[in-house]
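Peer 1: If you scroll down you'll find the structure; I have some questions about it.
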Amino acid sequence: MFSTGKIDWVWVDLDDTIWDFSANSLDALGQVYESEHLVEFFPTVDEWRERYLECNHSLWPLYNVGKITKEFLMTERFRRVLVEAGCAEERAVAMSAVLDREYLDRLGRLKRLVPGALELLRHLRRNGYNIGVISNGFYEVQHRKMSSSGIGGMMDAVVLSDDIGVNKPDRRIFDYAVNKVSGSAGRSLIIGDNPDTDIAGGLGAGWHAVYFNRDGMCRQPVPEGCVEIQSLFAAIDLL
């Protein structure tokens, strides 16, 4: 257990820690389904969402450890599901560029936060903590999410993988964050929902860590040395 008196910086992951990516993504995918008439390939919006999410979830771990590029991820997650649904390859490639652009544009405009997120950020501000975001998300989209949801002005620093070309859990992004704010690893804390990228990465860089296992849904083993919570309101009690 960390001592709050030794924490200067509280860093939060953005997607599904503060900003409700899961809910907002479903909304954006539904909007794209309608606007791009994807009923041609997927009889229902639920089938479209399911196929996309399955593909996207298989690609992100590869991106996080640098096995695929950002550009490949952005194209492949749409191209693959279209081809599997019967779309011709050439058309799928062309459509994937349109779908990616529209999906990210719509996604960045959505505002839903994880329950307790706003209360946590306000609590941190009232109690004198510096607040940072550290995320593997794409630069333009992540900043738009924070602006649309009204939390951008609450952040003292933002560090994204796009800034340096290094993803969590690589300790270089954590070291970069500490150096950017003239902080120290031992006085830094990360709150995140991913035990591999956020928690193991932060601990490996010498940070303190709070694992946000939302509603206890994840059964993956938690790295030793972190505190586990199932609600962001519990983080308020810790800090």
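Here's how to read the names in the structure tokens: chain A, B, ... by the order shown, residue numbers from 1 in each chain, ligand numbers from 1 in the order shown.
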Can you pull out the residues contacting Leu160 of chain A? Cut-off 12 Å, using only C-alpha atoms, and skip same-chain residues under 4 positions away; I want them as a ChimeraX atom specification.
Peer 2: /A:11-15,132-143,164-168,172-174,176-177,180
Peer 1: Please produce an output containing N, CA and C atoms for each residue in the selection, written as a tab-separated table (two decimals), in the first residue's frame.
Peer 2:
chain	number	residue	atom	x	y	z
A	11	TRP	N	-1.46	9.85	-12.30
A	11	TRP	CA	-1.65	9.67	-13.74
A	11	TRP	C	-2.81	8.70	-13.96
A	12	VAL	N	-3.67	9.02	-14.90
A	12	VAL	CA	-4.79	8.14	-15.20
A	12	VAL	C	-4.74	7.72	-16.65
A	13	ASP	N	-5.03	6.47	-16.88
A	13	ASP	CA	-5.29	6.00	-18.24
A	13	ASP	C	-6.61	6.66	-18.67
A	14	LEU	N	-6.79	6.85	-19.96
A	14	LEU	CA	-8.00	7.53	-20.42
A	14	LEU	C	-9.13	6.55	-20.74
A	15	ASP	N	-8.92	5.67	-21.72
A	15	ASP	CA	-10.00	4.81	-22.21
A	15	ASP	C	-10.38	3.74	-21.21
A	132	GLY	N	-2.30	13.80	-14.45
A	132	GLY	CA	-1.85	13.57	-15.81
A	132	GLY	C	-2.60	12.44	-16.47
A	133	VAL	N	-2.65	12.47	-17.78
A	133	VAL	CA	-3.18	11.37	-18.59
A	133	VAL	C	-2.01	10.69	-19.27
A	134	ILE	N	-1.98	9.37	-19.23
A	134	ILE	CA	-0.98	8.60	-19.96
A	134	ILE	C	-1.72	7.50	-20.72
A	135	SER	N	-1.65	7.54	-22.05
A	135	SER	CA	-2.53	6.70	-22.87
A	135	SER	C	-1.83	6.22	-24.13
A	136	ASN	N	-2.23	5.03	-24.59
A	136	ASN	CA	-1.76	4.51	-25.87
A	136	ASN	C	-2.63	4.95	-27.03
A	137	GLY	N	-3.64	5.76	-26.77
A	137	GLY	CA	-4.57	6.17	-27.83
A	137	GLY	C	-3.94	7.15	-28.80
A	138	PHE	N	-4.67	7.39	-29.89
A	138	PHE	CA	-4.18	8.26	-30.96
A	138	PHE	C	-4.33	9.73	-30.58
A	139	TYR	N	-3.33	10.53	-30.91
A	139	TYR	CA	-3.22	11.91	-30.45
A	139	TYR	C	-4.48	12.74	-30.69
A	140	GLU	N	-4.90	12.83	-31.94
A	140	GLU	CA	-6.01	13.72	-32.26
A	140	GLU	C	-7.29	13.27	-31.56
A	141	VAL	N	-7.53	11.97	-31.54
A	141	VAL	CA	-8.77	11.45	-30.96
A	141	VAL	C	-8.79	11.62	-29.45
A	142	GLN	N	-7.66	11.35	-28.80
A	142	GLN	CA	-7.63	11.43	-27.34
A	142	GLN	C	-7.86	12.86	-26.87
A	143	HIS	N	-7.25	13.82	-27.54
A	143	HIS	CA	-7.47	15.21	-27.14
A	143	HIS	C	-8.91	15.64	-27.40
A	164	ILE	N	5.86	9.91	-28.53
A	164	ILE	CA	7.24	9.41	-28.59
A	164	ILE	C	7.38	8.10	-29.34
A	165	GLY	N	6.27	7.56	-29.84
A	165	GLY	CA	6.33	6.31	-30.59
A	165	GLY	C	6.59	5.10	-29.74
A	166	VAL	N	6.24	5.18	-28.46
A	166	VAL	CA	6.42	4.07	-27.53
A	166	VAL	C	5.12	3.86	-26.77
A	167	ASN	N	4.68	2.62	-26.67
A	167	ASN	CA	3.42	2.30	-26.01
A	167	ASN	C	3.65	1.76	-24.60
A	168	LYS	N	2.66	1.99	-23.71
A	168	LYS	CA	2.63	1.20	-22.47
A	168	LYS	C	2.49	-0.27	-22.88
A	172	ARG	N	9.72	3.19	-21.08
A	172	ARG	CA	10.18	4.47	-21.62
A	172	ARG	C	9.09	5.52	-21.64
A	173	ILE	N	7.83	5.11	-21.81
A	173	ILE	CA	6.77	6.11	-21.82
A	173	ILE	C	6.51	6.61	-20.40
A	174	PHE	N	6.70	5.76	-19.41
A	174	PHE	CA	6.56	6.18	-18.02
A	174	PHE	C	7.72	7.09	-17.62
A	176	TYR	N	9.40	8.92	-19.67
A	176	TYR	CA	9.18	10.16	-20.41
A	176	TYR	C	8.20	11.06	-19.66
A	177	ALA	N	7.12	10.46	-19.13
A	177	ALA	CA	6.11	11.23	-18.40
A	177	ALA	C	6.72	11.89	-17.16
A	180	LYS	N	9.00	14.70	-18.20
A	180	LYS	CA	8.27	15.83	-18.77
A	180	LYS	C	7.80	16.79	-17.69
Peer 1: Tell me, as a list in words, which residues lie within 9 Å of segment 218-229 of chain A, counting only C-alpha atoms; anything in the same chain fewer than 3 positions away does not count.
Peer 2: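 Selected residues are Met1, Phe2, Pro195, Asp196, Ile199, Ala200, Leu203, His208, Ala209, Val210, Tyr211, Phe212, Asn213, Arg214, Asp215, Leu232, Phe233, Ala234 and Ala235 of chain A.
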Peer 1: I need the residues in segment 89-213 of chain A that are alpha helix (DSSP H) according to DSSP; give them as a PyMOL selection string.
Peer 2: chain A and resi 89-108+117-126+139-149+161-164+171-180+201-204
Peer 1: Kindly save the residues from that selection, with C-alpha atoms included, as a tab-separated table (two decimals), in the first residue's frame.
Peer 2:
chain	number	residue	atom	x	y	z
A	89	GLU	CA	-10.89	-7.09	-51.12
A	90	GLU	CA	-10.41	-3.94	-53.21
A	91	ARG	CA	-13.68	-2.47	-52.03
A	92	ALA	CA	-12.95	-3.44	-48.42
A	93	VAL	CA	-9.63	-1.58	-48.51
A	94	ALA	CA	-11.29	1.55	-49.88
A	95	MET	CA	-14.16	1.35	-47.40
A	96	SER	CA	-11.85	0.79	-44.44
A	97	ALA	CA	-10.29	4.23	-44.90
A	98	VAL	CA	-13.72	5.86	-44.89
A	99	LEU	CA	-14.96	3.83	-41.94
A	100	ASP	CA	-11.89	4.53	-39.85
A	101	ARG	CA	-12.10	8.27	-40.44
A	102	GLU	CA	-15.81	8.44	-39.70
A	103	TYR	CA	-15.66	6.16	-36.67
A	104	LEU	CA	-12.85	8.13	-35.02
A	105	ASP	CA	-14.55	11.44	-35.78
A	106	ARG	CA	-17.81	10.30	-34.23
A	107	LEU	CA	-16.05	8.62	-31.31
A	108	GLY	CA	-14.14	11.75	-30.38
A	117	ALA	CA	-14.51	9.83	-13.01
A	118	LEU	CA	-15.54	13.44	-12.61
A	119	GLU	CA	-15.80	13.08	-8.85
A	120	LEU	CA	-12.31	11.55	-8.71
A	121	LEU	CA	-10.75	14.31	-10.81
A	122	ARG	CA	-12.39	16.99	-8.69
A	123	HIS	CA	-11.23	15.25	-5.53
A	124	LEU	CA	-7.65	15.10	-6.80
A	125	ARG	CA	-7.73	18.78	-7.71
A	126	ARG	CA	-9.15	19.81	-4.32
A	139	TYR	CA	-3.22	11.91	-30.45
A	140	GLU	CA	-6.01	13.72	-32.26
A	141	VAL	CA	-8.77	11.45	-30.96
A	142	GLN	CA	-7.63	11.43	-27.34
A	143	HIS	CA	-7.47	15.21	-27.14
A	144	ARG	CA	-10.89	15.48	-28.76
A	145	LYS	CA	-12.33	13.03	-26.23
A	146	MET	CA	-11.04	15.09	-23.33
A	147	SER	CA	-12.32	18.30	-24.85
A	148	SER	CA	-15.76	16.91	-25.70
A	149	SER	CA	-16.25	15.42	-22.25
A	161	SER	CA	2.17	6.99	-27.14
A	162	ASP	CA	1.94	9.06	-30.31
A	163	ASP	CA	4.19	11.67	-28.64
A	164	ILE	CA	7.24	9.41	-28.59
A	171	ARG	CA	8.85	1.77	-19.29
A	172	ARG	CA	10.18	4.47	-21.62
A	173	ILE	CA	6.77	6.11	-21.82
A	174	PHE	CA	6.56	6.18	-18.02
A	175	ASP	CA	10.08	7.59	-17.76
A	176	TYR	CA	9.18	10.16	-20.41
A	177	ALA	CA	6.11	11.23	-18.40
A	178	VAL	CA	8.15	11.67	-15.21
A	179	ASN	CA	10.83	13.66	-16.99
A	180	LYS	CA	8.27	15.83	-18.77
A	201	GLY	CA	4.08	-1.08	-16.97
A	202	GLY	CA	3.80	1.45	-14.14
A	203	LEU	CA	5.16	-0.93	-11.53
A	204	GLY	CA	8.03	-1.86	-13.82
Peer 1: So that each row is one residue of segment 9-69 of chain A with an atom at most 12 Å from segment 78-86 of chain A, can you give its shortest atom pair and the distance in Å to one decimal, using only C-alpha atoms, rows by chain and rising number, as JSON lines?
Peer 2:
{"residue": "A:Leu29", "atom": "CA", "partner": "A:Phe78", "partner_atom": "CA", "distance": 11.3}
{"residue": "A:Val32", "atom": "CA", "partner": "A:Phe78", "partner_atom": "CA", "distance": 11.7}
{"residue": "A:Leu38", "atom": "CA", "partner": "A:Leu82", "partner_atom": "CA", "distance": 9.4}
{"residue": "A:Val39", "atom": "CA", "partner": "A:Ala85", "partner_atom": "CA", "distance": 10.8}
{"residue": "A:Glu40", "atom": "CA", "partner": "A:Ala85", "partner_atom": "CA", "distance": 9.4}
{"residue": "A:Phe41", "atom": "CA", "partner": "A:Ala85", "partner_atom": "CA", "distance": 5.7}
{"residue": "A:Phe42", "atom": "CA", "partner": "A:Ala85", "partner_atom": "CA", "distance": 7.2}
{"residue": "A:Pro43", "atom": "CA", "partner": "A:Ala85", "partner_atom": "CA", "distance": 10.3}
{"residue": "A:Glu47", "atom": "CA", "partner": "A:Ala85", "partner_atom": "CA", "distance": 10.5}
{"residue": "A:Trp48", "atom": "CA", "partner": "A:Val81", "partner_atom": "CA", "distance": 8.5}
{"residue": "A:Arg49", "atom": "CA", "partner": "A:Val81", "partner_atom": "CA", "distance": 10.2}
{"residue": "A:Glu50", "atom": "CA", "partner": "A:Val81", "partner_atom": "CA", "distance": 10.0}
{"residue": "A:Arg51", "atom": "CA", "partner": "A:Val81", "partner_atom": "CA", "distance": 6.4}
{"residue": "A:Tyr52", "atom": "CA", "partner": "A:Val81", "partner_atom": "CA", "distance": 6.3}
{"residue": "A:Leu53", "atom": "CA", "partner": "A:Val81", "partner_atom": "CA", "distance": 9.7}
{"residue": "A:Glu54", "atom": "CA", "partner": "A:Val81", "partner_atom": "CA", "distance": 9.2}
{"residue": "A:Cys55", "atom": "CA", "partner": "A:Val81", "partner_atom": "CA", "distance": 7.1}
{"residue": "A:Asn56", "atom": "CA", "partner": "A:Phe78", "partner_atom": "CA", "distance": 8.4}
{"residue": "A:Ser58", "atom": "CA", "partner": "A:Arg80", "partner_atom": "CA", "distance": 11.5}
{"residue": "A:Leu59", "atom": "CA", "partner": "A:Arg80", "partner_atom": "CA", "distance": 11.0}
Peer 1: Based on the selection just made, write C-alpha atoms of those residues as a PDB file, in the first residue's frame.
Peer 2:
ATOM      1  CA  LEU A  29     -20.235   2.022 -34.220  1.00  0.00           C
ATOM      2  CA  VAL A  32     -21.400   4.379 -38.561  1.00  0.00           C
ATOM      3  CA  LEU A  38     -23.524  -1.532 -43.453  1.00  0.00           C
ATOM      4  CA  VAL A  39     -26.700  -3.601 -43.393  1.00  0.00           C
ATOM      5  CA  GLU A  40     -25.439  -4.714 -46.831  1.00  0.00           C
ATOM      6  CA  PHE A  41     -22.876  -6.879 -45.024  1.00  0.00           C
ATOM      7  CA  PHE A  42     -24.215  -7.212 -41.484  1.00  0.00           C
ATOM      8  CA  PRO A  43     -27.942  -7.949 -40.988  1.00  0.00           C
ATOM      9  CA  GLU A  47     -23.590  -8.345 -35.467  1.00  0.00           C
ATOM     10  CA  TRP A  48     -21.547  -5.470 -36.913  1.00  0.00           C
ATOM     11  CA  ARG A  49     -20.449  -4.347 -33.467  1.00  0.00           C
ATOM     12  CA  GLU A  50     -19.591  -7.872 -32.371  1.00  0.00           C
ATOM     13  CA  ARG A  51     -17.471  -8.621 -35.435  1.00  0.00           C
ATOM     14  CA  TYR A  52     -15.646  -5.286 -35.272  1.00  0.00           C
ATOM     15  CA  LEU A  53     -14.960  -5.482 -31.540  1.00  0.00           C
ATOM     16  CA  GLU A  54     -13.643  -9.026 -31.812  1.00  0.00           C
ATOM     17  CA  CYS A  55     -11.195  -7.976 -34.520  1.00  0.00           C
ATOM     18  CA  ASN A  56     -10.200  -4.734 -32.797  1.00  0.00           C
ATOM     19  CA  SER A  58      -7.297  -9.009 -31.223  1.00  0.00           C
ATOM     20  CA  LEU A  59      -5.198  -6.260 -32.802  1.00  0.00           C
TER      21      LEU A  59
END
Peer 1: Out of segment 47-146 of chain A, which residues get strand (DSSP E or B) from DSSP, as JSON, numbers by chain?
Peer 2: {"A": [113, 130, 131, 132, 133, 134, 135]}
Peer 1: Between A:Trp207, A:Trp9, A:Phe21, A:Tyr129, which one has atoms that come closest to Leu113 of chain A, using only C-alpha atoms?
Peer 2: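 The shortest atom-to-atom distance to Leu113 of chain A comes from A:Phe21.
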Peer 1: Rounded to one decimal in Å, what is the spacing between atom CA of Arg187 of chain A and atom CA of Gly66 of chain A?
Peer 2: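 Between atom CA of Arg187 of chain A and atom CA of Gly66 of chain A the gap works out to 28.1 Å.
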Peer 1: Between atom CA of Glu36 of chain A and atom CA of Leu62 of chain A, what is the distance in Å, rounded to a tenth?
Peer 2: 28.0 Å
Peer 1: What does the distance from atom CA of Thr44 of chain A to atom CA of Asp16 of chain A come to in Å, to one decimal?
Peer 2: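 Atom CA of Asp16 of chain A lies at a distance of 25.4 Å from atom CA of Thr44 of chain A.
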Peer 1: Between A:Ser188, A:Thr17, A:Thr4, A:Thr197, which one has atoms that come closest to Ser231 of chain A, using only C-alpha atoms?
Peer 2: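 Checking each of A:Ser188, A:Thr17, A:Thr4, A:Thr197 against Ser231 of chain A, counting only C-alpha atoms, the winner is A:Thr17.
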Peer 1: Rank A:Gly116, A:Glu71, A:Met154, A:Leu189 by their smallest atom-to-atom distance to Asp20 of chain A, using only C-alpha atoms, and report the top residue only.
Peer 2: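 The closest residue to Asp20 of chain A is A:Gly116.
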